[in-house]
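Structure below is my_file-v8.txt: compact mmCIF, C-alpha atoms.
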# COMPACT_ATOMS: atom_id res chain seq x y z
CA LYS H 1 -42.30 70.86 -0.95
CA PRO H 2 -41.28 67.40 -2.29
CA ARG H 3 -43.20 64.47 -0.79
CA ASN H 4 -40.78 61.74 -1.83
CA MET H 5 -37.48 61.19 -3.66
CA ASN H 6 -39.13 61.01 -7.10
CA ASP H 7 -40.77 64.41 -6.57
CA PHE H 8 -37.43 65.83 -5.48
CA LEU H 9 -35.54 64.45 -8.48
CA GLN H 10 -38.15 65.31 -11.09
CA GLY H 11 -36.58 67.58 -13.67
CA LYS H 12 -33.11 67.29 -12.14
CA ASN H 13 -30.12 66.21 -14.21
CA ASP H 14 -28.71 63.39 -12.12
CA ASP H 15 -26.37 61.89 -14.73
CA GLY H 16 -28.52 58.75 -14.89
CA PHE H 17 -27.80 57.68 -11.32
CA PHE H 18 -31.49 57.30 -10.52
CA GLN H 19 -32.51 56.40 -14.05
CA LYS H 20 -35.35 53.89 -14.18
CA ASP H 21 -34.31 50.53 -15.66
CA TRP H 22 -30.62 51.47 -15.44
CA TRP H 23 -29.74 47.80 -15.74
CA ASN H 24 -31.02 47.64 -19.36
CA ASP H 25 -27.59 48.83 -20.53
CA LEU H 26 -25.91 45.94 -18.69
CA LEU H 27 -28.14 43.01 -19.63
CA HIS H 28 -29.72 42.24 -22.95
CA GLU H 29 -33.38 41.24 -23.07
CA HIS H 30 -32.61 37.69 -24.20
CA THR H 31 -30.11 37.05 -21.38
CA TYR H 32 -31.61 38.60 -18.25
CA LYS H 33 -33.33 35.34 -17.24
CA GLU H 34 -30.21 33.22 -17.65
CA LEU H 35 -29.58 31.22 -14.52
CA ASP H 36 -25.83 31.91 -14.45
CA TYR H 37 -26.47 35.53 -13.42
CA SER H 38 -27.74 34.47 -9.99
CA GLY H 39 -25.64 32.35 -7.69
CA LYS H 40 -28.55 32.15 -5.26
CA MET H 41 -30.83 30.65 -7.93
CA VAL H 42 -28.15 28.18 -9.06
CA LEU H 43 -27.74 27.03 -5.45
CA LEU H 44 -31.52 26.88 -4.88
CA LEU H 45 -32.06 24.66 -7.92
CA ASP H 46 -29.12 22.45 -6.94
CA ILE H 47 -30.59 22.03 -3.45
CA LEU H 48 -34.07 21.26 -4.83
CA THR H 49 -32.62 18.72 -7.26
CA MET H 50 -30.64 17.07 -4.47
CA CYS H 51 -33.71 16.98 -2.20
CA SER H 52 -35.81 15.52 -4.99
CA ASN H 53 -33.25 12.79 -5.61
CA MET H 54 -33.36 11.89 -1.90
CA GLY H 55 -37.17 11.88 -1.82
CA ASP H 56 -37.40 14.94 0.43
CA LYS H 57 -40.09 17.61 0.12
CA SER H 58 -39.18 21.29 0.41
CA LEU H 59 -40.92 24.56 1.17
CA VAL H 60 -39.46 27.61 -0.58
CA PHE H 61 -40.49 30.94 0.97
CA SER H 62 -40.04 34.39 -0.57
CA GLN H 63 -41.51 37.77 0.33
CA SER H 64 -41.49 38.78 -3.32
CA ILE H 65 -44.03 37.66 -5.93
CA PRO H 66 -41.60 38.51 -8.79
CA THR H 67 -38.99 36.29 -7.10
CA LEU H 68 -41.50 33.43 -6.91
CA ASP H 69 -42.27 34.04 -10.61
CA LEU H 70 -38.56 33.80 -11.43
CA ILE H 71 -38.15 30.60 -9.39
CA GLU H 72 -41.12 29.12 -11.26
CA PHE H 73 -39.51 30.08 -14.57
CA TYR H 74 -36.33 28.21 -13.59
CA LEU H 75 -38.22 25.20 -12.18
CA SER H 76 -40.05 24.80 -15.48
CA LYS H 77 -36.64 24.33 -17.15
CA LEU H 78 -35.40 21.77 -14.59
CA PRO H 79 -35.08 18.18 -15.87
CA ARG H 80 -36.89 15.43 -13.97
CA PRO H 81 -34.46 12.85 -12.59
CA GLY H 82 -34.52 9.61 -14.56
CA LYS H 83 -37.00 11.00 -17.09
CA GLN H 84 -35.11 11.70 -20.31
CA GLY H 85 -36.31 14.97 -21.86
CA LYS H 86 -39.01 15.56 -19.21
CA LEU H 87 -39.11 18.79 -17.23
CA TRP H 88 -40.66 19.73 -13.89
CA LYS H 89 -44.31 20.83 -14.18
CA LYS H 90 -46.33 23.19 -12.03
CA GLY H 91 -49.15 21.34 -10.31
CA LYS H 92 -47.26 18.05 -10.58
CA ASP H 93 -43.68 18.59 -9.36
CA TRP H 94 -44.26 21.84 -7.47
CA TYR H 95 -47.15 23.86 -6.09
CA ARG H 96 -47.45 27.55 -5.40
CA LEU H 97 -49.29 29.37 -2.61
CA ASP H 98 -49.47 33.14 -2.55
CA GLY H 99 -52.03 35.86 -1.86
CA ARG H 100 -53.78 35.15 -5.17
CA THR H 101 -54.47 31.49 -4.30
CA GLU H 102 -58.15 30.96 -3.46
CA SER H 103 -58.74 29.53 0.03
CA SER H 104 -60.48 26.43 -1.36
CA GLU H 105 -57.57 25.79 -3.75
CA ARG H 106 -55.07 26.46 -0.95
CA GLN H 107 -56.54 23.67 1.18
CA LYS H 108 -56.48 21.24 -1.76
CA LEU H 109 -52.81 22.04 -2.45
CA VAL H 110 -51.91 21.51 1.21
CA GLU H 111 -53.71 18.15 1.28
CA ARG H 112 -52.06 17.00 -1.97
CA PHE H 113 -48.63 18.10 -0.74
CA ASN H 114 -49.06 16.21 2.55
CA GLU H 115 -50.44 13.06 0.87
CA PRO H 116 -47.94 10.28 1.73
CA LEU H 117 -48.51 8.51 -1.60
CA ASN H 118 -47.79 11.68 -3.60
CA LYS H 119 -44.11 11.09 -4.31
CA ARG H 120 -43.98 13.28 -7.42
CA VAL H 121 -44.44 16.67 -5.77
CA LYS H 122 -41.06 17.97 -4.65
CA CYS H 123 -41.67 21.45 -3.34
CA THR H 124 -44.14 24.23 -2.70
CA LEU H 125 -43.33 27.87 -3.42
CA ILE H 126 -44.93 30.12 -0.83
CA SER H 127 -45.14 33.85 -0.36
CA THR H 128 -43.99 34.43 3.22
CA ARG H 129 -46.94 36.55 4.29
CA ALA H 130 -49.64 34.49 2.58
CA GLY H 131 -48.34 31.10 3.67
CA SER H 132 -46.68 31.61 7.01
CA LEU H 133 -49.87 31.29 9.08
CA GLY H 134 -52.67 28.78 9.29
CA ILE H 135 -51.36 25.97 7.10
CA ASN H 136 -49.68 22.73 8.10
CA LEU H 137 -47.19 21.31 5.60
CA HIS H 138 -45.87 18.55 7.85
CA SER H 139 -44.62 16.32 5.01
CA ALA H 140 -41.85 18.81 4.18
CA ASN H 141 -38.54 18.37 5.92
CA ARG H 142 -36.69 21.20 4.15
CA VAL H 143 -37.48 24.89 4.54
CA ILE H 144 -35.68 27.36 2.30
CA ILE H 145 -36.12 31.07 2.96
CA VAL H 146 -34.94 32.84 -0.20
CA ASP H 147 -35.16 36.36 1.20
CA GLY H 148 -35.52 36.90 4.92
CA SER H 149 -38.02 39.30 6.40
CA TRP H 150 -37.15 42.41 8.37
CA ASN H 151 -39.57 41.02 10.93
CA PRO H 152 -38.13 37.67 12.10
CA THR H 153 -41.57 36.56 13.31
CA TYR H 154 -42.65 36.00 9.69
CA ASP H 155 -39.65 33.77 9.05
CA LEU H 156 -40.23 31.81 12.27
CA GLN H 157 -43.85 31.24 11.30
CA ALA H 158 -42.68 30.06 7.87
CA ILE H 159 -40.30 27.58 9.49
CA TYR H 160 -43.08 26.26 11.71
CA ARG H 161 -45.17 25.30 8.66
CA ALA H 162 -42.94 22.20 8.44
CA TRP H 163 -41.31 21.78 11.85
CA ARG H 164 -43.30 20.08 14.58
CA CYS H 165 -42.12 19.43 18.10
CA MET H 166 -42.35 15.65 18.04
CA ASP H 167 -41.46 15.05 14.38
CA LYS H 168 -39.46 11.91 13.81
CA GLN H 169 -37.99 12.98 10.46
CA SER H 170 -34.95 15.25 10.25
CA GLN H 171 -35.66 18.91 9.53
CA PHE H 172 -33.34 21.25 7.62
CA LEU H 173 -33.46 25.04 7.32
CA LEU H 174 -31.64 27.10 4.70
CA THR H 175 -31.75 30.88 4.50
CA GLY H 176 -30.48 33.14 1.76

Turn the structure described in the file into C-alpha cells.
Amino acid sequence: KPRNMNDFLQGKNDDGFFQKDWWNDLLHEHTYKELDYSGKMVLLLDILTMCSNMGDKSLVFSQSIPTLDLIEFYLSKLPRPGKQGKLWKKGKDWYRLDGRTESSERQKLVERFNEPLNKRVKCTLISTRAGSLGINLHSANRVIIVDGSWNPTYDLQAIYRAWRCMDKQSQFLLTG
C-alpha cells in the first residue's frame, strides 16, 4: 500500500508530469537567478530602495529559508544610494534573523537595528516563525510579508514586531 504520492508514482510512466526539477528545461542555470523572472522580487527591491531613500527601516518576513536566501542574493547586488559603485552589504545595510541565528547574536542584531544613530541599516530579513515572537523591532515602520502564513496568527505576530499602540511614526504593511 503506498504511503505517499512518491511511493504511488514510483516506477510509473507519467510523461514527466511529476518529474523532479521539471523547470530545468525552461530556465538555464546561468539565468535562473535573474531578477526579471520575479515580479514580486522586483517590487520588493523597489520598495526597499524607496524606503532606504526616505530613511525608513523595514522588516521583511518570509516563511521560507530559500526565499530569504534569494532575497539576500538580490540585496547583495543592490546599489547603495549616492555611493557610486557600492553595493548593499549584509551586516551593514541589512540583517538576517532565522532559526539558525544564535540567541546572543539575535539580541545584538535587534539592538543594532533599533539604535537611533544607526542610519545605515535599512532592513532586517526574518523567518516568520523564528522572528515573530519575543523580539521588539520598534525602529522599523515598514513590514513586508513576502509569503503569508496559512495561520494568520504568525503574520499578526510578525506585524506586531514593529507596530506599537502608541507609536508616533507612521506604520506601513505590505503583503505579497

Report task. Using only C-alpha atoms, find the one residue out of H:Asn53, H:Thr67, H:Thr101, H:Ser149 that sits nearest to Lys40 (chain H). Result -> H:Thr67

Report task. Pick out the residues sitting within 9 Å of region 69-78 of chain H, and hand them over as a list in words; count only C-alpha atoms, and ignore anything fewer than 5 positions along from it in its own chain. Result ->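 Near region 69-78 of chain H, the qualifying residues are Lys33, Glu34, Leu35, Met41, Leu44, Leu45, Thr49, Ser64, Lys86, Leu87, Trp88, Lys89, Lys90, Trp94, Arg96 and Leu125 of chain H.
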
Report task. Please measure the separation of CA of Ser103 (chain H) and CA of Lys122 (chain H), giving the value in Å to one decimal. Result ->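 CA of Lys122 (chain H) lies at a distance of 21.6 Å from CA of Ser103 (chain H).
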
Query raised in the report: Which of these residues is nearest to Ala140 (chain H), using all atoms listed in the file: H:Glu115, H:Glu105, H:Asp155, H:Asp98?
Result: H:Glu115

Requested in this report: Can you work out the spacing between CA of Leu109 (chain H) and CA of Gln63 (chain H) in Å, to one decimal?
Outcome: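 It comes out at 19.6 Å.
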
Query raised in the report: Mind listing as a list in words all residues within 12 Å of (-43.1, 31.6, 11.5), counting only C-alpha atoms?
Result: Phe61, Thr128, Arg129, Ala130, Gly131, Ser132, Leu133, Gly134, Ile135, Asn136, Val143, Ile145, Gly148, Ser149, Asn151, Pro152, Thr153, Tyr154, Asp155, Leu156, Gln157, Ala158, Ile159, Tyr160, Arg161, Ala162, Trp163 and Arg164 of chain H

Query raised in the report: What is the distance between CA of Thr124 (chain H) and CA of Lys57 (chain H), in Å to one decimal?
Result: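 A separation of 8.3 Å between them.
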
Query - Closest of H:Leu68, H:Ile144, H:Leu48, H:Met54 to Asp93 (chain H) - atom-to-atom distances counting all atoms listed in the file - result: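 Checking each candidate against Asp93 (chain H), we get H:Leu48 as the closest.
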
Requested in this report: Find, counting all atoms listed in the file, the residue in H:Tyr95, H:Trp150, H:Gly39, H:Gly55 that gets nearest to Leu117 (chain H).
Outcome: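 Ranking H:Tyr95, H:Trp150, H:Gly39, H:Gly55 by distance to Leu117 (chain H), first place goes to H:Gly55.
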
Query - Nearest to Asp56 (chain H) by atom-to-atom distance, counting all atoms listed in the file, from H:Val121, H:Pro79, H:Ile126, H:Val146 - result: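 The answer is H:Val121, which sits nearest to Asp56 (chain H).
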
Report summary line: The residue from H:Tyr37, H:Asp46, H:Ser127, H:Leu59 with the smallest atom-to-atom distance to Asn141 (chain H), counting only C-alpha atoms, is H:Leu59

Which centre and edge lengths in Å to one decimal define the box along x, y and z that fits every listed atom of region 92-105 of chain H plus 5 Å per side, as AutoDock Vina command-line options?
--center_x -52.1 --center_y 27.0 --center_z -5.3 --size_x 26.8 --size_y 27.8 --size_z 20.6
